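Raw coords.csv, CSV, N, CA and C atoms:
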chain,number,residue,atom,x,y,z
A,1,PHE,N,5.3,2.3,15.1
A,1,PHE,CA,4.2,3.3,14.8
A,1,PHE,C,3.1,3.2,15.8
A,2,THR,N,2.3,4.1,15.9
A,2,THR,CA,1.2,4.2,16.8
A,2,THR,C,-0.1,4.4,16.0
A,3,VAL,N,-1.2,3.7,16.5
A,3,VAL,CA,-2.4,3.9,15.8
A,3,VAL,C,-3.4,4.6,16.7
A,4,ASP,N,-4.0,5.6,16.1
A,4,ASP,CA,-5.1,6.3,16.8
A,4,ASP,C,-6.4,5.5,16.6
A,5,THR,N,-6.9,4.8,17.6
A,5,THR,CA,-8.0,3.9,17.4
A,5,THR,C,-9.3,4.7,17.2
A,6,GLN,N,-9.4,6.0,17.6
A,6,GLN,CA,-10.6,6.8,17.4
A,6,GLN,C,-10.7,7.2,15.9
A,7,LYS,N,-9.6,7.6,15.3
A,7,LYS,CA,-9.6,8.0,13.9
A,7,LYS,C,-9.2,6.9,12.9
A,8,MET,N,-8.8,5.7,13.5
A,8,MET,CA,-8.4,4.6,12.7
A,8,MET,C,-7.3,5.0,11.7
A,9,SER,N,-6.3,5.7,12.2
A,9,SER,CA,-5.2,6.1,11.3
A,9,SER,C,-3.9,6.1,12.1
A,10,LEU,N,-2.8,6.2,11.4
A,10,LEU,CA,-1.5,6.3,12.1
A,10,LEU,C,-1.4,7.7,12.8
A,11,ALA,N,-0.7,7.6,14.0
A,11,ALA,CA,-0.5,8.8,14.8
A,11,ALA,C,0.9,9.0,15.2
A,12,LYS,N,1.3,10.2,15.5
A,12,LYS,CA,2.6,10.5,16.0
A,12,LYS,C,2.9,9.7,17.3
A,13,THR,N,4.0,9.0,17.4
A,13,THR,CA,4.3,8.3,18.6
A,13,THR,C,4.9,9.3,19.6
A,14,PRO,N,4.3,9.2,20.9
A,14,PRO,CA,4.8,10.1,21.9
A,14,PRO,C,6.3,9.8,22.3
A,15,PRO,N,7.0,10.9,22.6
A,15,PRO,CA,8.5,10.7,22.9
A,15,PRO,C,8.7,9.7,24.0
A,16,GLU,N,7.8,9.6,25.0
A,16,GLU,CA,8.1,8.7,26.1
A,16,GLU,C,8.0,7.2,25.6
A,17,LEU,N,7.3,6.9,24.6
A,17,LEU,CA,7.3,5.6,24.0
A,17,LEU,C,8.6,5.3,23.3
A,18,HIS,N,9.1,6.3,22.6
A,18,HIS,CA,10.4,6.1,22.0
A,18,HIS,C,11.5,5.7,23.0
A,19,GLU,N,11.4,6.4,24.1
A,19,GLU,CA,12.4,6.1,25.2
A,19,GLU,C,12.2,4.8,25.9
A,20,ALA,N,11.0,4.3,25.9
A,20,ALA,CA,10.7,3.1,26.6
A,20,ALA,C,11.0,1.8,25.8
A,21,PHE,N,11.0,1.9,24.5
A,21,PHE,CA,11.3,0.7,23.7
A,21,PHE,C,12.4,1.0,22.8
A,22,GLU,N,13.1,-0.1,22.4
A,22,GLU,CA,14.1,-0.1,21.4
A,22,GLU,C,13.5,0.3,20.1
A,23,SER,N,14.1,1.2,19.4
A,23,SER,CA,13.5,1.6,18.1
A,23,SER,C,14.4,1.2,17.0
A,24,ILE,N,13.8,0.9,15.8
A,24,ILE,CA,14.6,0.6,14.6
A,24,ILE,C,14.3,1.8,13.7
A,25,ASN,N,15.4,2.3,13.2
A,25,ASN,CA,15.3,3.5,12.2
A,25,ASN,C,16.0,3.1,10.9
A,26,GLU,N,16.0,4.1,10.0
A,26,GLU,CA,16.6,3.9,8.7
A,26,GLU,C,18.1,3.5,8.8
A,27,GLN,N,18.8,4.1,9.7
A,27,GLN,CA,20.2,3.8,9.9
A,27,GLN,C,20.5,2.4,10.4
A,28,ASP,N,19.5,1.9,11.2
A,28,ASP,CA,19.7,0.6,11.8
A,28,ASP,C,19.6,-0.5,10.7
A,29,ASN,N,18.8,-0.4,9.7
A,29,ASN,CA,18.6,-1.5,8.8
A,29,ASN,C,19.0,-1.1,7.3
A,30,ASN,N,19.5,0.1,7.1
A,30,ASN,CA,20.0,0.5,5.8
A,30,ASN,C,18.9,0.6,4.8
A,31,LEU,N,17.6,0.6,5.2
A,31,LEU,CA,16.5,0.7,4.3
A,31,LEU,C,15.7,2.0,4.5
A,32,PRO,N,15.5,2.8,3.5
A,32,PRO,CA,14.7,4.0,3.7
A,32,PRO,C,13.3,3.7,4.0
A,33,PHE,N,12.6,4.5,4.8
A,33,PHE,CA,11.2,4.5,5.0
A,33,PHE,C,10.6,5.3,3.9
A,34,VAL,N,9.8,4.7,3.0
A,34,VAL,CA,9.3,5.5,1.8
A,34,VAL,C,7.8,5.5,2.0
A,35,LYS,N,7.2,6.7,1.8
A,35,LYS,CA,5.8,6.9,1.9
A,35,LYS,C,5.4,7.3,0.5
A,36,LEU,N,4.8,6.3,-0.3
A,36,LEU,CA,4.4,6.6,-1.7
A,36,LEU,C,3.2,7.4,-1.7
A,37,ARG,N,3.1,8.2,-2.7
A,37,ARG,CA,1.9,9.1,-2.9
A,37,ARG,C,1.2,8.7,-4.1
A,38,GLY,N,-0.2,8.8,-4.1
A,38,GLY,CA,-0.9,8.5,-5.3
A,38,GLY,C,-0.6,9.5,-6.4
A,39,GLU,N,-0.7,9.0,-7.6
A,39,GLU,CA,-0.4,9.8,-8.8
A,39,GLU,C,-1.7,10.2,-9.5
A,40,LYS,N,-1.6,11.3,-10.2
A,40,LYS,CA,-2.7,11.8,-11.1
A,40,LYS,C,-2.6,11.1,-12.4
A,41,GLU,N,-3.7,11.1,-13.1
A,41,GLU,CA,-3.8,10.5,-14.4
A,41,GLU,C,-3.4,9.1,-14.5
A,42,MET,N,-3.8,8.3,-13.5
A,42,MET,CA,-3.6,6.8,-13.6
A,42,MET,C,-4.6,6.2,-14.5
A,43,THR,N,-4.3,5.1,-15.1
A,43,THR,CA,-5.2,4.4,-16.0
A,43,THR,C,-6.1,3.4,-15.2
A,44,PHE,N,-7.4,3.5,-15.3
A,44,PHE,CA,-8.3,2.6,-14.6
A,44,PHE,C,-8.2,1.3,-15.4
A,45,ASN,N,-8.0,0.2,-14.7
A,45,ASN,CA,-7.9,-1.1,-15.3
A,45,ASN,C,-9.2,-1.9,-15.1
A,46,THR,N,-9.7,-2.1,-13.9
A,46,THR,CA,-10.9,-2.8,-13.6
A,46,THR,C,-11.3,-2.5,-12.2
A,47,GLN,N,-12.5,-3.1,-11.9
A,47,GLN,CA,-12.9,-3.0,-10.5
A,47,GLN,C,-13.4,-4.4,-10.1
A,48,MET,N,-13.4,-4.6,-8.8
A,48,MET,CA,-13.9,-5.9,-8.3
A,48,MET,C,-14.4,-5.7,-6.9
A,49,SER,N,-15.2,-6.7,-6.4
A,49,SER,CA,-15.7,-6.6,-5.1
A,49,SER,C,-14.8,-7.5,-4.2
A,50,VAL,N,-14.6,-7.0,-3.0
A,50,VAL,CA,-13.9,-7.7,-2.0
A,50,VAL,C,-14.6,-8.9,-1.6
A,51,GLN,N,-14.0,-10.1,-1.6
A,51,GLN,CA,-14.6,-11.3,-1.2
A,51,GLN,C,-14.1,-11.8,0.2
A,52,LEU,N,-14.9,-12.7,0.8
A,52,LEU,CA,-14.6,-13.2,2.1
A,52,LEU,C,-13.1,-13.8,2.1
A,53,ARG,N,-12.7,-14.4,1.1
A,53,ARG,CA,-11.4,-15.0,1.0
A,53,ARG,C,-10.3,-14.0,1.1
A,54,ASP,N,-10.6,-12.7,0.8
A,54,ASP,CA,-9.6,-11.7,0.8
A,54,ASP,C,-9.4,-11.1,2.2
A,55,MET,N,-10.2,-11.5,3.2
A,55,MET,CA,-10.2,-10.9,4.5
A,55,MET,C,-9.2,-11.5,5.5
A,56,ASP,N,-8.8,-10.6,6.4
A,56,ASP,CA,-8.0,-11.1,7.5
A,56,ASP,C,-8.8,-11.1,8.8
A,57,SER,N,-8.2,-11.4,9.9
A,57,SER,CA,-8.9,-11.6,11.2
A,57,SER,C,-9.5,-10.3,11.7
A,58,ASN,N,-9.0,-9.1,11.2
A,58,ASN,CA,-9.5,-7.8,11.6
A,58,ASN,C,-10.6,-7.3,10.7
A,59,ASN,N,-11.1,-8.2,9.8
A,59,ASN,CA,-12.2,-7.8,8.8
A,59,ASN,C,-11.7,-6.7,7.9
A,60,HIS,N,-10.5,-6.8,7.5
A,60,HIS,CA,-9.9,-5.9,6.5
A,60,HIS,C,-9.4,-6.8,5.4
A,61,VAL,N,-9.1,-6.2,4.2
A,61,VAL,CA,-8.5,-7.0,3.2
A,61,VAL,C,-7.0,-7.3,3.6
A,62,ASN,N,-6.6,-8.5,3.6
A,62,ASN,CA,-5.3,-8.9,4.0
A,62,ASN,C,-4.2,-8.2,3.2
A,63,ASN,N,-3.2,-7.7,3.8
A,63,ASN,CA,-2.1,-7.0,3.2
A,63,ASN,C,-1.5,-7.7,2.0
A,64,VAL,N,-1.2,-9.0,2.2
A,64,VAL,CA,-0.6,-9.8,1.2
A,64,VAL,C,-1.6,-10.0,0.0
A,65,LYS,N,-2.8,-10.1,0.3
A,65,LYS,CA,-3.8,-10.2,-0.8
A,65,LYS,C,-3.8,-9.0,-1.6
A,66,SER,N,-3.7,-7.8,-1.0
A,66,SER,CA,-3.7,-6.5,-1.7
A,66,SER,C,-2.5,-6.5,-2.7
A,67,VAL,N,-1.4,-7.0,-2.2
A,67,VAL,CA,-0.2,-7.0,-3.1
A,67,VAL,C,-0.4,-8.0,-4.2
A,68,GLU,N,-0.9,-9.2,-3.9
A,68,GLU,CA,-1.2,-10.1,-5.0
A,68,GLU,C,-2.1,-9.6,-6.1
A,69,ILE,N,-3.1,-8.9,-5.7
A,69,ILE,CA,-4.1,-8.3,-6.6
A,69,ILE,C,-3.3,-7.3,-7.5
A,70,LEU,N,-2.5,-6.4,-6.9
A,70,LEU,CA,-1.8,-5.4,-7.7
A,70,LEU,C,-0.7,-6.0,-8.6
A,71,LEU,N,0.0,-7.0,-8.1
A,71,LEU,CA,1.0,-7.6,-8.9
A,71,LEU,C,0.5,-8.2,-10.2
A,72,ASP,N,-0.8,-8.6,-10.2
A,72,ASP,CA,-1.4,-9.2,-11.4
A,72,ASP,C,-1.5,-8.1,-12.5
A,73,TYR,N,-1.4,-6.9,-12.2
A,73,TYR,CA,-1.5,-5.8,-13.2
A,73,TYR,C,-0.1,-5.2,-13.6
A,74,VAL,N,1.0,-5.7,-13.0
A,74,VAL,CA,2.3,-5.3,-13.4
A,74,VAL,C,2.6,-6.0,-14.7
A,75,PRO,N,3.0,-5.3,-15.8
A,75,PRO,CA,3.2,-6.0,-17.1
A,75,PRO,C,4.2,-7.2,-17.0
A,76,LYS,N,3.8,-8.2,-17.7
A,76,LYS,CA,4.6,-9.5,-17.6
A,76,LYS,C,6.1,-9.3,-18.0
A,77,ASN,N,6.3,-8.3,-18.9
A,77,ASN,CA,7.7,-8.1,-19.3
A,77,ASN,C,8.5,-7.1,-18.5
A,78,ALA,N,7.8,-6.6,-17.4
A,78,ALA,CA,8.4,-5.6,-16.5
A,78,ALA,C,9.6,-6.2,-15.8
A,79,GLU,N,10.7,-5.5,-15.9
A,79,GLU,CA,11.9,-5.9,-15.1
A,79,GLU,C,12.0,-5.1,-13.9
A,80,PHE,N,12.0,-5.7,-12.7
A,80,PHE,CA,12.2,-5.0,-11.5
A,80,PHE,C,12.8,-5.9,-10.4
A,81,ASN,N,13.5,-5.3,-9.5
A,81,ASN,CA,14.0,-6.0,-8.4
A,81,ASN,C,13.7,-5.4,-7.0
A,82,GLU,N,12.8,-4.4,-7.0
A,82,GLU,CA,12.4,-3.8,-5.8
A,82,GLU,C,10.9,-3.5,-5.9
A,83,ILE,N,10.3,-3.7,-4.7
A,83,ILE,CA,8.9,-3.4,-4.6
A,83,ILE,C,8.7,-2.5,-3.3
A,84,GLN,N,8.0,-1.4,-3.5
A,84,GLN,CA,7.7,-0.6,-2.3
A,84,GLN,C,6.2,-0.6,-2.2
A,85,ILE,N,5.7,-0.6,-1.0
A,85,ILE,CA,4.2,-0.7,-0.7
A,85,ILE,C,3.9,0.3,0.4
A,86,THR,N,2.8,1.1,0.1
A,86,THR,CA,2.3,2.0,1.2
A,86,THR,C,0.8,1.6,1.4
A,87,TYR,N,0.5,1.3,2.6
A,87,TYR,CA,-0.9,1.1,3.0
A,87,TYR,C,-1.5,2.3,3.6
A,88,ARG,N,-2.5,2.9,3.0
A,88,ARG,CA,-3.1,4.2,3.5
A,88,ARG,C,-4.4,4.0,4.1
A,89,LYS,N,-5.2,3.1,3.7
A,89,LYS,CA,-6.6,3.0,4.2
A,89,LYS,C,-7.0,1.5,4.1
A,90,GLU,N,-7.7,1.0,5.1
A,90,GLU,CA,-8.2,-0.4,5.0
A,90,GLU,C,-9.4,-0.5,4.1
A,91,LEU,N,-9.4,-1.7,3.5
A,91,LEU,CA,-10.6,-2.1,2.6
A,91,LEU,C,-11.4,-3.1,3.4
A,92,HIS,N,-12.7,-3.1,3.2
A,92,HIS,CA,-13.6,-4.0,4.0
A,92,HIS,C,-14.3,-4.9,3.0
A,93,LYS,N,-14.9,-5.9,3.7
A,93,LYS,CA,-15.8,-6.9,2.9
A,93,LYS,C,-16.9,-6.1,2.2
A,94,GLU,N,-17.1,-6.5,1.0
A,94,GLU,CA,-18.2,-5.9,0.1
A,94,GLU,C,-17.8,-4.5,-0.4
A,95,ASP,N,-16.6,-4.0,-0.1
A,95,ASP,CA,-16.2,-2.8,-0.8
A,95,ASP,C,-15.9,-3.1,-2.2
A,96,THR,N,-16.1,-2.1,-3.1
A,96,THR,CA,-15.8,-2.3,-4.5
A,96,THR,C,-14.4,-1.6,-4.6
A,97,ILE,N,-13.4,-2.3,-5.1
A,97,ILE,CA,-12.1,-1.8,-5.3
A,97,ILE,C,-11.8,-1.6,-6.7
A,98,LYS,N,-11.1,-0.5,-7.0
A,98,LYS,CA,-10.6,-0.2,-8.4
A,98,LYS,C,-9.1,-0.4,-8.4
A,99,ILE,N,-8.7,-0.9,-9.5
A,99,ILE,CA,-7.2,-1.1,-9.8
A,99,ILE,C,-6.8,-0.1,-10.8
A,100,CYS,N,-5.9,0.8,-10.5
A,100,CYS,CA,-5.4,1.8,-11.4
A,100,CYS,C,-3.9,1.6,-11.5
A,101,THR,N,-3.3,1.9,-12.7
A,101,THR,CA,-1.9,1.7,-12.9
A,101,THR,C,-1.3,2.9,-13.7
A,102,LYS,N,0.0,3.0,-13.6
A,102,LYS,CA,0.7,4.0,-14.4
A,102,LYS,C,2.2,3.6,-14.6
A,103,PRO,N,2.6,3.4,-15.8
A,103,PRO,CA,4.0,3.1,-16.0
A,103,PRO,C,4.7,4.5,-16.0
A,104,THR,N,5.9,4.5,-15.5
A,104,THR,CA,6.7,5.7,-15.5
A,104,THR,C,8.1,5.3,-16.2
A,105,GLU,N,8.9,6.3,-16.3
A,105,GLU,CA,10.2,6.1,-17.0
A,105,GLU,C,11.0,4.9,-16.4
A,106,ASP,N,11.1,4.9,-15.1
A,106,ASP,CA,11.9,3.9,-14.4
A,106,ASP,C,11.2,3.0,-13.4
A,107,SER,N,9.8,3.1,-13.4
A,107,SER,CA,9.1,2.3,-12.5
A,107,SER,C,7.7,2.0,-13.0
A,108,PHE,N,6.9,1.2,-12.2
A,108,PHE,CA,5.5,1.0,-12.5
A,108,PHE,C,4.7,1.2,-11.2
A,109,LEU,N,3.7,1.9,-11.3
A,109,LEU,CA,2.8,2.2,-10.1
A,109,LEU,C,1.5,1.5,-10.3
A,110,ALA,N,1.0,0.9,-9.2
A,110,ALA,CA,-0.4,0.3,-9.2
A,110,ALA,C,-1.0,0.7,-7.9
A,111,GLU,N,-2.3,1.0,-7.9
A,111,GLU,CA,-2.9,1.3,-6.7
A,111,GLU,C,-4.3,0.7,-6.6
A,112,LEU,N,-4.8,0.4,-5.4
A,112,LEU,CA,-6.1,0.0,-5.1
A,112,LEU,C,-6.9,1.2,-4.5
A,113,GLN,N,-8.0,1.5,-5.1
A,113,GLN,CA,-8.8,2.6,-4.6
A,113,GLN,C,-10.2,2.0,-4.1
A,114,ASN,N,-10.8,2.6,-3.1
A,114,ASN,CA,-12.1,2.2,-2.7
A,114,ASN,C,-13.2,2.9,-3.6
A,115,GLN,N,-14.4,2.6,-3.3
A,115,GLN,CA,-15.5,3.1,-4.1
A,115,GLN,C,-15.7,4.6,-4.0
A,116,ASN,N,-15.0,5.2,-3.0
A,116,ASN,CA,-15.0,6.7,-2.9
A,116,ASN,C,-13.8,7.3,-3.6
A,117,ASN,N,-13.1,6.6,-4.4
A,117,ASN,CA,-11.9,7.0,-5.1
A,117,ASN,C,-10.7,7.4,-4.2
A,118,GLU,N,-10.7,6.9,-3.0
A,118,GLU,CA,-9.7,7.1,-2.0
A,118,GLU,C,-8.6,6.0,-2.3
A,119,THR,N,-7.3,6.5,-2.3
A,119,THR,CA,-6.2,5.5,-2.5
A,119,THR,C,-6.0,4.8,-1.2
A,120,CYS,N,-6.0,3.4,-1.3
A,120,CYS,CA,-5.9,2.6,-0.1
A,120,CYS,C,-4.6,1.9,-0.1
A,121,VAL,N,-4.1,1.4,-1.2
A,121,VAL,CA,-2.8,0.7,-1.2
A,121,VAL,C,-2.1,1.1,-2.5
A,122,ILE,N,-0.8,1.5,-2.4
A,122,ILE,CA,0.0,1.9,-3.5
A,122,ILE,C,1.2,0.9,-3.6
A,123,LEU,N,1.5,0.4,-4.8
A,123,LEU,CA,2.6,-0.5,-5.0
A,123,LEU,C,3.5,0.1,-6.1
A,124,LYS,N,4.8,0.1,-5.9
A,124,LYS,CA,5.7,0.7,-6.9
A,124,LYS,C,6.8,-0.4,-7.2
A,125,THR,N,7.0,-0.7,-8.4
A,125,THR,CA,8.1,-1.6,-8.8
A,125,THR,C,9.2,-0.8,-9.4
A,126,THR,N,10.4,-1.1,-9.1
A,126,THR,CA,11.5,-0.4,-9.7
A,126,THR,C,12.7,-1.3,-10.0
A,127,LYS,N,13.4,-1.0,-11.1
A,127,LYS,CA,14.6,-1.7,-11.4
A,127,LYS,C,15.8,-0.9,-10.9
A,128,THR,N,16.5,-1.4,-9.9
A,128,THR,CA,17.6,-0.7,-9.4
A,128,THR,C,18.9,-1.4,-9.7
A,129,ASP,N,20.0,-0.7,-9.6
A,129,ASP,CA,21.3,-1.3,-9.7
A,129,ASP,C,21.7,-2.0,-8.4
A,130,CYS,N,22.0,-3.3,-8.5
A,130,CYS,CA,22.3,-4.0,-7.3
A,130,CYS,C,23.9,-4.2,-7.2

Would you mind giving the structure from this file in structure tokens?
Amino acid sequence: FTVDTQKMSLAKTPPELHEAFESINEQDNNLPFVKLRGEKEMTFNTQMSVQLRDMDSNNHVNNVKSVEILLDYVPKNAEFNEIQITYRKELHKEDTIKICTKPTEDSFLAELQNQNNETCVILKTTKTDC
């Protein structure tokens, strides 16, 4: 992927970069690239302030810490063998984050939102046939 450092977001990778480097795609690893979307009517669980211990060297909330926070809200009796995560926006020190969840028929969704109600991290657990 390519990052547009002006907009601080993902950008389309120019074709010349694809040609210059070996690329890994869905067919190479048999794993689909999934981009989760936020859901409407999620249940607000709680909010918390980002702490220094949550930060990485880029002054954003560490990706693993985001997942740990969200996994705390997955029901204890939930059966799943797959986790999908989409990171949409970084969270910073002293941000207030909201944890929202939504059980569905075959999965469980949890997301971190910033104080502007923007979805920053989405986690989906699913029980699949192995």

Non-local contacts of stretch 41-44 of chain A (6.5 Å; only N, CA and C atoms; under 4 positions in same chain excluded) as an mmCIF file with N, CA and C atoms, in the frame of the given file:
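Contents of part_29.cif, freshly written:
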data_model
loop_
_atom_site.group_PDB
_atom_site.id
_atom_site.type_symbol
_atom_site.label_atom_id
_atom_site.label_comp_id
_atom_site.auth_asym_id
_atom_site.auth_seq_id
_atom_site.Cartn_x
_atom_site.Cartn_y
_atom_site.Cartn_z
ATOM 1 N N ILE A 99 -8.700 -0.900 -9.500
ATOM 2 C CA ILE A 99 -7.200 -1.100 -9.800
ATOM 3 C C ILE A 99 -6.800 -0.100 -10.800
ATOM 4 N N CYS A 100 -5.900 0.800 -10.500
ATOM 5 C CA CYS A 100 -5.400 1.800 -11.400
ATOM 6 C C CYS A 100 -3.900 1.600 -11.500
ATOM 7 N N THR A 101 -3.300 1.900 -12.700
ATOM 8 C CA THR A 101 -1.900 1.700 -12.900
ATOM 9 C C THR A 101 -1.300 2.900 -13.700
ATOM 10 N N LYS A 102 0.000 3.000 -13.600
ATOM 11 C CA LYS A 102 0.700 4.000 -14.400
ATOM 12 C C LYS A 102 2.200 3.600 -14.600
#

Close residues, stretch 118-130 of chain A itself excluded, 8 Å, all atoms listed in the file, min 2 positions apart in chain, as a ChimeraX atom specification
/A:36-38,66-67,70-71,78-91,106-116

Point-to-point distance from atom C of A:Asn62 to atom N of A:Glu105, Å rounded to tenths:
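Atom N of A:Glu105 lies at a distance of 27.6 Å from atom C of A:Asn62.
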
For atom N of A:Thr104 and atom C of A:Ile69, determine how far apart the two atoms are, in Å to one decimal place.
17.0 Å

Which residues, written as JSON, numbers by chain, have at least one atom at most 7 Å from stretch 51-59 of chain A, with all atoms listed in the file counted and residues fewer than 3 positions away on the same chain left out?
{"A": [48, 62, 63, 65, 91, 92, 93, 94, 95]}

May I ask for the distance between atom C of A:Pro75 and atom N of A:Pro103, given in Å to one decimal place?
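The value is 10.8 Å.
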
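Of the residues in stretch 5-130 of chain A, those given helix (DSSP H, G or I) by DSSP on the backbone are Pro15, Glu16, Leu17, His18, Glu19, Ala20, Glu26, Gln27, Asp28, Asn29, Leu52, Arg53, Asp54, Asn63, Val64, Lys65, Ser66, Val67, Glu68, Ile69, Leu70 and Leu71 of chain A.
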
Hey, can I get the axis-aligned box for stretch 35-42 of chain A? All listed atoms, 5 Å padding on each side, centre and edge lengths in Å to one decimal, as lines of an AutoDock Vina configuration file.
center_x = 1.3
center_y = 9.0
center_z = -6.3
size_x = 21.8
size_y = 15.6
size_z = 26.4

Could you find all residues in chain A that DSSP calls strand (DSSP E or B) from the backbone, and write them as an MDAnalysis selection string?
chainID A and resid 2:4 9:11 43:49 55 61 82:87 96:103 107:113 119:126

Incomplete stretch 105-123 of chain A brought to N, CA, C and O atoms, written out as a CSV table (one decimal), in the frame of the given file:
chain,number,residue,atom,x,y,z
A,105,GLU,N,8.9,6.3,-16.3
A,105,GLU,CA,10.2,6.1,-17.0
A,105,GLU,C,11.0,4.9,-16.4
A,105,GLU,O,11.6,4.1,-17.1
A,106,ASP,N,11.1,4.9,-15.1
A,106,ASP,CA,11.9,3.9,-14.4
A,106,ASP,C,11.2,3.0,-13.4
A,106,ASP,O,11.8,2.3,-12.6
A,107,SER,N,9.8,3.1,-13.4
A,107,SER,CA,9.1,2.3,-12.5
A,107,SER,C,7.7,2.0,-13.0
A,107,SER,O,7.3,2.4,-14.1
A,108,PHE,N,6.9,1.2,-12.2
A,108,PHE,CA,5.5,1.0,-12.5
A,108,PHE,C,4.7,1.2,-11.2
A,108,PHE,O,5.1,0.6,-10.2
A,109,LEU,N,3.7,1.9,-11.3
A,109,LEU,CA,2.8,2.2,-10.1
A,109,LEU,C,1.5,1.5,-10.3
A,109,LEU,O,0.9,1.5,-11.4
A,110,ALA,N,1.0,0.9,-9.2
A,110,ALA,CA,-0.4,0.3,-9.2
A,110,ALA,C,-1.0,0.7,-7.9
A,110,ALA,O,-0.3,0.7,-6.9
A,111,GLU,N,-2.3,1.0,-7.9
A,111,GLU,CA,-2.9,1.3,-6.7
A,111,GLU,C,-4.3,0.7,-6.6
A,111,GLU,O,-5.0,0.5,-7.6
A,112,LEU,N,-4.8,0.4,-5.4
A,112,LEU,CA,-6.1,0.0,-5.1
A,112,LEU,C,-6.9,1.2,-4.5
A,112,LEU,O,-6.3,1.9,-3.6
A,113,GLN,N,-8.0,1.5,-5.1
A,113,GLN,CA,-8.8,2.6,-4.6
A,113,GLN,C,-10.2,2.0,-4.1
A,113,GLN,O,-10.6,1.0,-4.7
A,114,ASN,N,-10.8,2.6,-3.1
A,114,ASN,CA,-12.1,2.2,-2.7
A,114,ASN,C,-13.2,2.9,-3.6
A,114,ASN,O,-12.9,3.6,-4.5
A,115,GLN,N,-14.4,2.6,-3.3
A,115,GLN,CA,-15.5,3.1,-4.1
A,115,GLN,C,-15.7,4.6,-4.0
A,115,GLN,O,-16.4,5.2,-4.8
A,116,ASN,N,-15.0,5.2,-3.0
A,116,ASN,CA,-15.0,6.7,-2.9
A,116,ASN,C,-13.8,7.3,-3.6
A,116,ASN,O,-13.5,8.5,-3.3
A,117,ASN,N,-13.1,6.6,-4.4
A,117,ASN,CA,-11.9,7.0,-5.1
A,117,ASN,C,-10.7,7.4,-4.2
A,117,ASN,O,-9.9,8.2,-4.6
A,118,GLU,N,-10.7,6.9,-3.0
A,118,GLU,CA,-9.7,7.1,-2.0
A,118,GLU,C,-8.6,6.0,-2.3
A,118,GLU,O,-8.9,4.9,-2.4
A,119,THR,N,-7.3,6.5,-2.3
A,119,THR,CA,-6.2,5.5,-2.5
A,119,THR,C,-6.0,4.8,-1.2
A,119,THR,O,-5.9,5.4,-0.1
A,120,CYS,N,-6.0,3.4,-1.3
A,120,CYS,CA,-5.9,2.6,-0.1
A,120,CYS,C,-4.6,1.9,-0.1
A,120,CYS,O,-4.0,1.8,1.0
A,121,VAL,N,-4.1,1.4,-1.2
A,121,VAL,CA,-2.8,0.7,-1.2
A,121,VAL,C,-2.1,1.1,-2.5
A,121,VAL,O,-2.7,1.2,-3.6
A,122,ILE,N,-0.8,1.5,-2.4
A,122,ILE,CA,0.0,1.9,-3.5
A,122,ILE,C,1.2,0.9,-3.6
A,122,ILE,O,1.9,0.6,-2.6
A,123,LEU,N,1.5,0.4,-4.8
A,123,LEU,CA,2.6,-0.5,-5.0
A,123,LEU,C,3.5,0.1,-6.1
A,123,LEU,O,2.9,0.6,-7.1
